[in-house]
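Novice: Submitted below is the structure of interest, expressed as structure tokens.
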Amino acid sequence: MLSRLSVFLFFILFGVFSLFGTTSSANELDLAGRLLYLQDHEQKLTIQAVSQSAMRPSFKTALTSNFNFGNTKSAYWLKIEPGLSLAESGEYILEIQYGKIGVIELYFQEGTGNWKLKKQGIYTRSEKREPVNRNFVFALDASSLKEPIYLRVHEGYLRLNLRLWKQPQFIAKEQQAVFSDGLFFGIVFLVLLLNLFFYYFVRDRTLVHYAVFLLCISLFFLSGQGWLDVILSIRGSSFVRIQTAFFGVLLTIFGTLFTRSYLKLDEHSPEISRILRFFQFSFPGVAVLAFLVLKLQNQSPGRGTFGTGLLIVLLVLILCLVAAIQGVREKREIAIYYFVATPLFILLAIVQILSSLQILPIG
């Protein structure tokens, strides 16, 4: 019992490290004090206007390289002052952590004095973008970074985490990310396949429910981290904006189904089972209805919509935790494993709620 619990805790800690851990940024160029931002309420400002010296007092100095402007109809201009010396040379990568930003426009100069434009964002198709990456990346020569560069972001959910790298360090960082994420998701898919393999001999539907649950978890995080865009080349499509919410709904449905099956709630906690069954069948209908209403009103899902959905998910998780506690009190071993894992999902849901409401400025 103790050894199995130790192995289980190891995979929980490994999962936390993989999902929430950060890559070493010792070779990342520090942008602190070099970022300014300006809100363009009517989206009428041009690069020629914002780059004038007279506009500098209109910009606010940023205290961080993490921005969360939320779901807004305004555009935002970001002025980046890398301040590279004249002796600096080579290629650099400006990286923006993956998010639901509709359009990202980068304005820079290359000695001619004329402004050049590059575009990124979820509304820009993959073949028109910079090197394919799970994040939004811009390749720039050192000569372009000796004068201020500008970013204009609009449409979608405007949350940015800016990082500037020398190209070799960026490639090394990405190789590390591919390895760690590949290892994590590889283990998840291996467990998924093992469950389907054992189902062939045991014929316990809980194994199938768990396999589908793991698949939904993987798709949820792959979409949220931008990997799914790279695998399927879906940027520029209408699905890319709602993909993470879509997989979140599936995760809730099949997670609830797995909970009821794994803890045998129909037998041990019939009242909780009935409530979870209600959520399991009503939640997708509510999600589709909300989406259709927003479509009819010509609006896109905002932070309030996602926050409400996450709140429903949190309530479902709390019910699952209550069911697990009941199982622990009855000294059922399987409930102990579930009881250990559930707080991680509750913590994740709380963090995402606070993030979607712009209370926590994190991705």
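Numbering starts fresh at 1 for the residues of each chain in the structure tokens, the chains themselves are lettered A, B, ... in the order given, and ligands are numbered from 1 as they appear.
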Give me the residues near segment 155-160 of chain A as a list in words, where near means some atom within 7 Å (using only C-alpha atoms) and where sequence neighbours in that chain fewer than 5 positions away do not count.
Specialist: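 The contact residues come out as Asn66, Phe67, Asn68, Phe69, Gly70, Asn71, Lys73, Ile96, Gln97, Gly99, Lys100, Ile101, Gly102 and Val103 of chain A.
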Novice: Residues near segment 36-38 of chain A, anyone? I mean within 6 Å using only C-alpha atoms, not counting same-chain ones fewer than 4 positions away, as a list of chain:residue names.
Specialist: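 My reading of the contact set: A:Phe59, A:Lys60, A:Thr61, A:Ala62, A:Tyr76, A:Trp77, A:Leu78, A:Lys79.
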Novice: Rounded to one decimal, what separation in Å do you get between atom CA of Ile104 of chain A and atom CA of Ala32 of chain A?
Specialist: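 Separation of atom CA of Ile104 of chain A and atom CA of Ala32 of chain A: 20.8 Å.
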Novice: To one decimal in Å, tell me the separation between atom CA of Gln167 of chain A and atom CA of Tyr92 of chain A.
Specialist: 4.9 Å
Novice: Which residue out of A:Thr256, A:Ser180, A:Ser237, A:Ser74 has the minimum interatomic distance to Val212 of chain A when only C-alpha atoms are used?
Specialist: A:Thr256
Novice: Restricting the calculation to only C-alpha atoms: of A:Phe136, A:Ser89, A:Thr46, A:Leu190, which residue gets closest to Thr124 of chain A?
Specialist: A:Phe136
Novice: Give the answer as one residue: which of A:Ala87, A:Arg163, A:Pro148, A:Asn133 has the shortest atom-to-atom distance to Asp30 of chain A, using only C-alpha atoms?
Specialist: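 Counting only C-alpha atoms, the residue closest to Asp30 of chain A is A:Arg163.
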Novice: List the neighbours of segment 268-275 of chain A out to 12 Å using only C-alpha atoms; skip same-chain residues closer than 6 positions along the sequence, and give me the result as JSON, numbers by chain.
Specialist: {"A": [256, 257, 258, 259, 260, 261, 262, 281, 282, 283, 315, 316, 317, 318, 319, 320, 321, 322, 323, 324, 325, 326, 327, 328, 329, 330, 332, 335]}
Novice: Could you save those same residues with N, CA and C atoms as a PDB file, in the first residue's frame?
Specialist:
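Listing of result-v3.pdb after writing:
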ATOM      1  N   THR A 256     -16.064  13.505 -14.709  1.00  0.00           N
ATOM      2  CA  THR A 256     -17.201  13.167 -13.851  1.00  0.00           C
ATOM      3  C   THR A 256     -17.604  11.713 -14.037  1.00  0.00           C
ATOM      4  N   LEU A 257     -17.641  11.259 -15.292  1.00  0.00           N
ATOM      5  CA  LEU A 257     -17.978   9.863 -15.583  1.00  0.00           C
ATOM      6  C   LEU A 257     -16.967   8.924 -14.933  1.00  0.00           C
ATOM      7  N   PHE A 258     -15.680   9.245 -15.038  1.00  0.00           N
ATOM      8  CA  PHE A 258     -14.647   8.411 -14.420  1.00  0.00           C
ATOM      9  C   PHE A 258     -14.795   8.393 -12.901  1.00  0.00           C
ATOM     10  N   THR A 259     -15.082   9.544 -12.297  1.00  0.00           N
ATOM     11  CA  THR A 259     -15.239   9.617 -10.839  1.00  0.00           C
ATOM     12  C   THR A 259     -16.373   8.710 -10.367  1.00  0.00           C
ATOM     13  N   ARG A 260     -17.506   8.798 -11.027  1.00  0.00           N
ATOM     14  CA  ARG A 260     -18.656   7.980 -10.637  1.00  0.00           C
ATOM     15  C   ARG A 260     -18.349   6.494 -10.777  1.00  0.00           C
ATOM     16  N   SER A 261     -17.589   6.149 -11.828  1.00  0.00           N
ATOM     17  CA  SER A 261     -17.253   4.746 -12.066  1.00  0.00           C
ATOM     18  C   SER A 261     -16.166   4.260 -11.109  1.00  0.00           C
ATOM     19  N   TYR A 262     -15.120   5.064 -10.941  1.00  0.00           N
ATOM     20  CA  TYR A 262     -13.959   4.656 -10.142  1.00  0.00           C
ATOM     21  C   TYR A 262     -14.304   4.523  -8.665  1.00  0.00           C
ATOM     22  N   PHE A 281     -24.535  15.639 -17.748  1.00  0.00           N
ATOM     23  CA  PHE A 281     -25.378  15.734 -18.931  1.00  0.00           C
ATOM     24  C   PHE A 281     -25.856  17.159 -19.226  1.00  0.00           C
ATOM     25  N   SER A 282     -25.883  18.031 -18.214  1.00  0.00           N
ATOM     26  CA  SER A 282     -26.393  19.389 -18.433  1.00  0.00           C
ATOM     27  C   SER A 282     -25.294  20.373 -18.815  1.00  0.00           C
ATOM     28  N   PHE A 283     -24.066  20.137 -18.353  1.00  0.00           N
ATOM     29  CA  PHE A 283     -22.982  21.094 -18.584  1.00  0.00           C
ATOM     30  C   PHE A 283     -22.724  21.334 -20.066  1.00  0.00           C
ATOM     31  N   LEU A 315     -17.095  23.609  -8.661  1.00  0.00           N
ATOM     32  CA  LEU A 315     -18.155  22.997  -7.845  1.00  0.00           C
ATOM     33  C   LEU A 315     -18.196  21.484  -8.055  1.00  0.00           C
ATOM     34  N   VAL A 316     -18.032  21.047  -9.310  1.00  0.00           N
ATOM     35  CA  VAL A 316     -18.000  19.617  -9.605  1.00  0.00           C
ATOM     36  C   VAL A 316     -16.821  18.956  -8.901  1.00  0.00           C
ATOM     37  N   LEU A 317     -15.654  19.609  -8.938  1.00  0.00           N
ATOM     38  CA  LEU A 317     -14.464  19.056  -8.285  1.00  0.00           C
ATOM     39  C   LEU A 317     -14.642  18.954  -6.778  1.00  0.00           C
ATOM     40  N   ILE A 318     -15.302  19.943  -6.191  1.00  0.00           N
ATOM     41  CA  ILE A 318     -15.544  19.899  -4.748  1.00  0.00           C
ATOM     42  C   ILE A 318     -16.448  18.718  -4.396  1.00  0.00           C
ATOM     43  N   LEU A 319     -17.464  18.480  -5.224  1.00  0.00           N
ATOM     44  CA  LEU A 319     -18.326  17.311  -5.014  1.00  0.00           C
ATOM     45  C   LEU A 319     -17.525  16.015  -5.124  1.00  0.00           C
ATOM     46  N   CYS A 320     -16.622  15.965  -6.101  1.00  0.00           N
ATOM     47  CA  CYS A 320     -15.771  14.783  -6.253  1.00  0.00           C
ATOM     48  C   CYS A 320     -14.893  14.582  -5.022  1.00  0.00           C
ATOM     49  N   LEU A 321     -14.387  15.689  -4.470  1.00  0.00           N
ATOM     50  CA  LEU A 321     -13.547  15.605  -3.278  1.00  0.00           C
ATOM     51  C   LEU A 321     -14.352  15.099  -2.079  1.00  0.00           C
ATOM     52  N   VAL A 322     -15.589  15.579  -1.956  1.00  0.00           N
ATOM     53  CA  VAL A 322     -16.457  15.112  -0.871  1.00  0.00           C
ATOM     54  C   VAL A 322     -16.691  13.608  -0.987  1.00  0.00           C
ATOM     55  N   ALA A 323     -16.930  13.143  -2.230  1.00  0.00           N
ATOM     56  CA  ALA A 323     -17.124  11.713  -2.449  1.00  0.00           C
ATOM     57  C   ALA A 323     -15.870  10.919  -2.079  1.00  0.00           C
ATOM     58  N   ALA A 324     -14.700  11.475  -2.417  1.00  0.00           N
ATOM     59  CA  ALA A 324     -13.444  10.798  -2.077  1.00  0.00           C
ATOM     60  C   ALA A 324     -13.248  10.737  -0.565  1.00  0.00           C
ATOM     61  N   ILE A 325     -13.595  11.807   0.136  1.00  0.00           N
ATOM     62  CA  ILE A 325     -13.470  11.830   1.600  1.00  0.00           C
ATOM     63  C   ILE A 325     -14.357  10.758   2.223  1.00  0.00           C
ATOM     64  N   GLN A 326     -15.561  10.616   1.704  1.00  0.00           N
ATOM     65  CA  GLN A 326     -16.445   9.566   2.188  1.00  0.00           C
ATOM     66  C   GLN A 326     -15.818   8.192   1.979  1.00  0.00           C
ATOM     67  N   GLY A 327     -15.176   8.006   0.828  1.00  0.00           N
ATOM     68  CA  GLY A 327     -14.516   6.732   0.554  1.00  0.00           C
ATOM     69  C   GLY A 327     -13.352   6.481   1.487  1.00  0.00           C
ATOM     70  N   VAL A 328     -12.589   7.536   1.809  1.00  0.00           N
ATOM     71  CA  VAL A 328     -11.470   7.394   2.747  1.00  0.00           C
ATOM     72  C   VAL A 328     -11.984   7.002   4.127  1.00  0.00           C
ATOM     73  N   ARG A 329     -13.069   7.620   4.562  1.00  0.00           N
ATOM     74  CA  ARG A 329     -13.649   7.282   5.862  1.00  0.00           C
ATOM     75  C   ARG A 329     -14.110   5.828   5.920  1.00  0.00           C
ATOM     76  N   GLU A 330     -14.529   5.316   4.768  1.00  0.00           N
ATOM     77  CA  GLU A 330     -14.939   3.916   4.700  1.00  0.00           C
ATOM     78  C   GLU A 330     -13.755   2.983   4.488  1.00  0.00           C
ATOM     79  N   ARG A 332     -11.734   2.672   1.956  1.00  0.00           N
ATOM     80  CA  ARG A 332     -11.600   2.077   0.629  1.00  0.00           C
ATOM     81  C   ARG A 332     -10.312   2.589  -0.008  1.00  0.00           C
ATOM     82  N   ALA A 335     -10.119   5.124  -2.960  1.00  0.00           N
ATOM     83  CA  ALA A 335     -10.516   6.499  -2.664  1.00  0.00           C
ATOM     84  C   ALA A 335      -9.328   7.330  -2.188  1.00  0.00           C
TER      85      ALA A 335
END
Novice: Per DSSP on the backbone, filter segment 34-276 of chain A down to the residues in strand (DSSP E) and report them as a count of residues only.
Specialist: 65
Novice: Extract, using only C-alpha atoms, all DNA, RNA and protein residues at most 9 Å from Leu251 of chain A, discarding same-chain residues fewer than 6 positions from it, and format them as a list of chain:residue names.
Specialist: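 Final neighbour list, sorted by chain and number: A:Val212, A:Phe213, A:Leu214, A:Leu215, A:Cys216, A:Ile217, A:Leu219, A:Phe220.
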Novice: Do you know which residues are at most 7 Å from Ser65 of chain A counting only C-alpha atoms, after dropping those on the same chain fewer than 3 positions away, and could you put them as a ChimeraX atom specification?
Specialist: /A:31-32,161-162
Novice: Any chance you could export the current selection's N, CA, C and O atoms as a PDB file, in the first residue's frame?
Specialist:
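Saved file again_3.pdb follows:
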ATOM      1  N   LEU A  31      14.119  42.408 -19.791  1.00  0.00           N
ATOM      2  CA  LEU A  31      13.331  43.501 -20.354  1.00  0.00           C
ATOM      3  C   LEU A  31      12.785  44.431 -19.278  1.00  0.00           C
ATOM      4  O   LEU A  31      12.023  45.354 -19.593  1.00  0.00           O
ATOM      5  N   ALA A  32      13.140  44.182 -18.030  1.00  0.00           N
ATOM      6  CA  ALA A  32      12.637  45.019 -16.945  1.00  0.00           C
ATOM      7  C   ALA A  32      13.065  46.473 -17.151  1.00  0.00           C
ATOM      8  O   ALA A  32      14.234  46.774 -17.404  1.00  0.00           O
ATOM      9  N   ASN A 161       3.198  37.441 -22.242  1.00  0.00           N
ATOM     10  CA  ASN A 161       4.412  37.266 -21.454  1.00  0.00           C
ATOM     11  C   ASN A 161       5.576  37.371 -22.435  1.00  0.00           C
ATOM     12  O   ASN A 161       5.807  36.464 -23.231  1.00  0.00           O
ATOM     13  N   LEU A 162       6.283  38.509 -22.409  1.00  0.00           N
ATOM     14  CA  LEU A 162       7.320  38.799 -23.404  1.00  0.00           C
ATOM     15  C   LEU A 162       8.686  38.356 -22.901  1.00  0.00           C
ATOM     16  O   LEU A 162       9.055  38.598 -21.747  1.00  0.00           O
TER      17      LEU A 162
END
Novice: Between atom CA of Ser144 of chain A and atom CA of Trp165 of chain A, what distance in Å does the model show, to one decimal?
Specialist: 13.8 Å
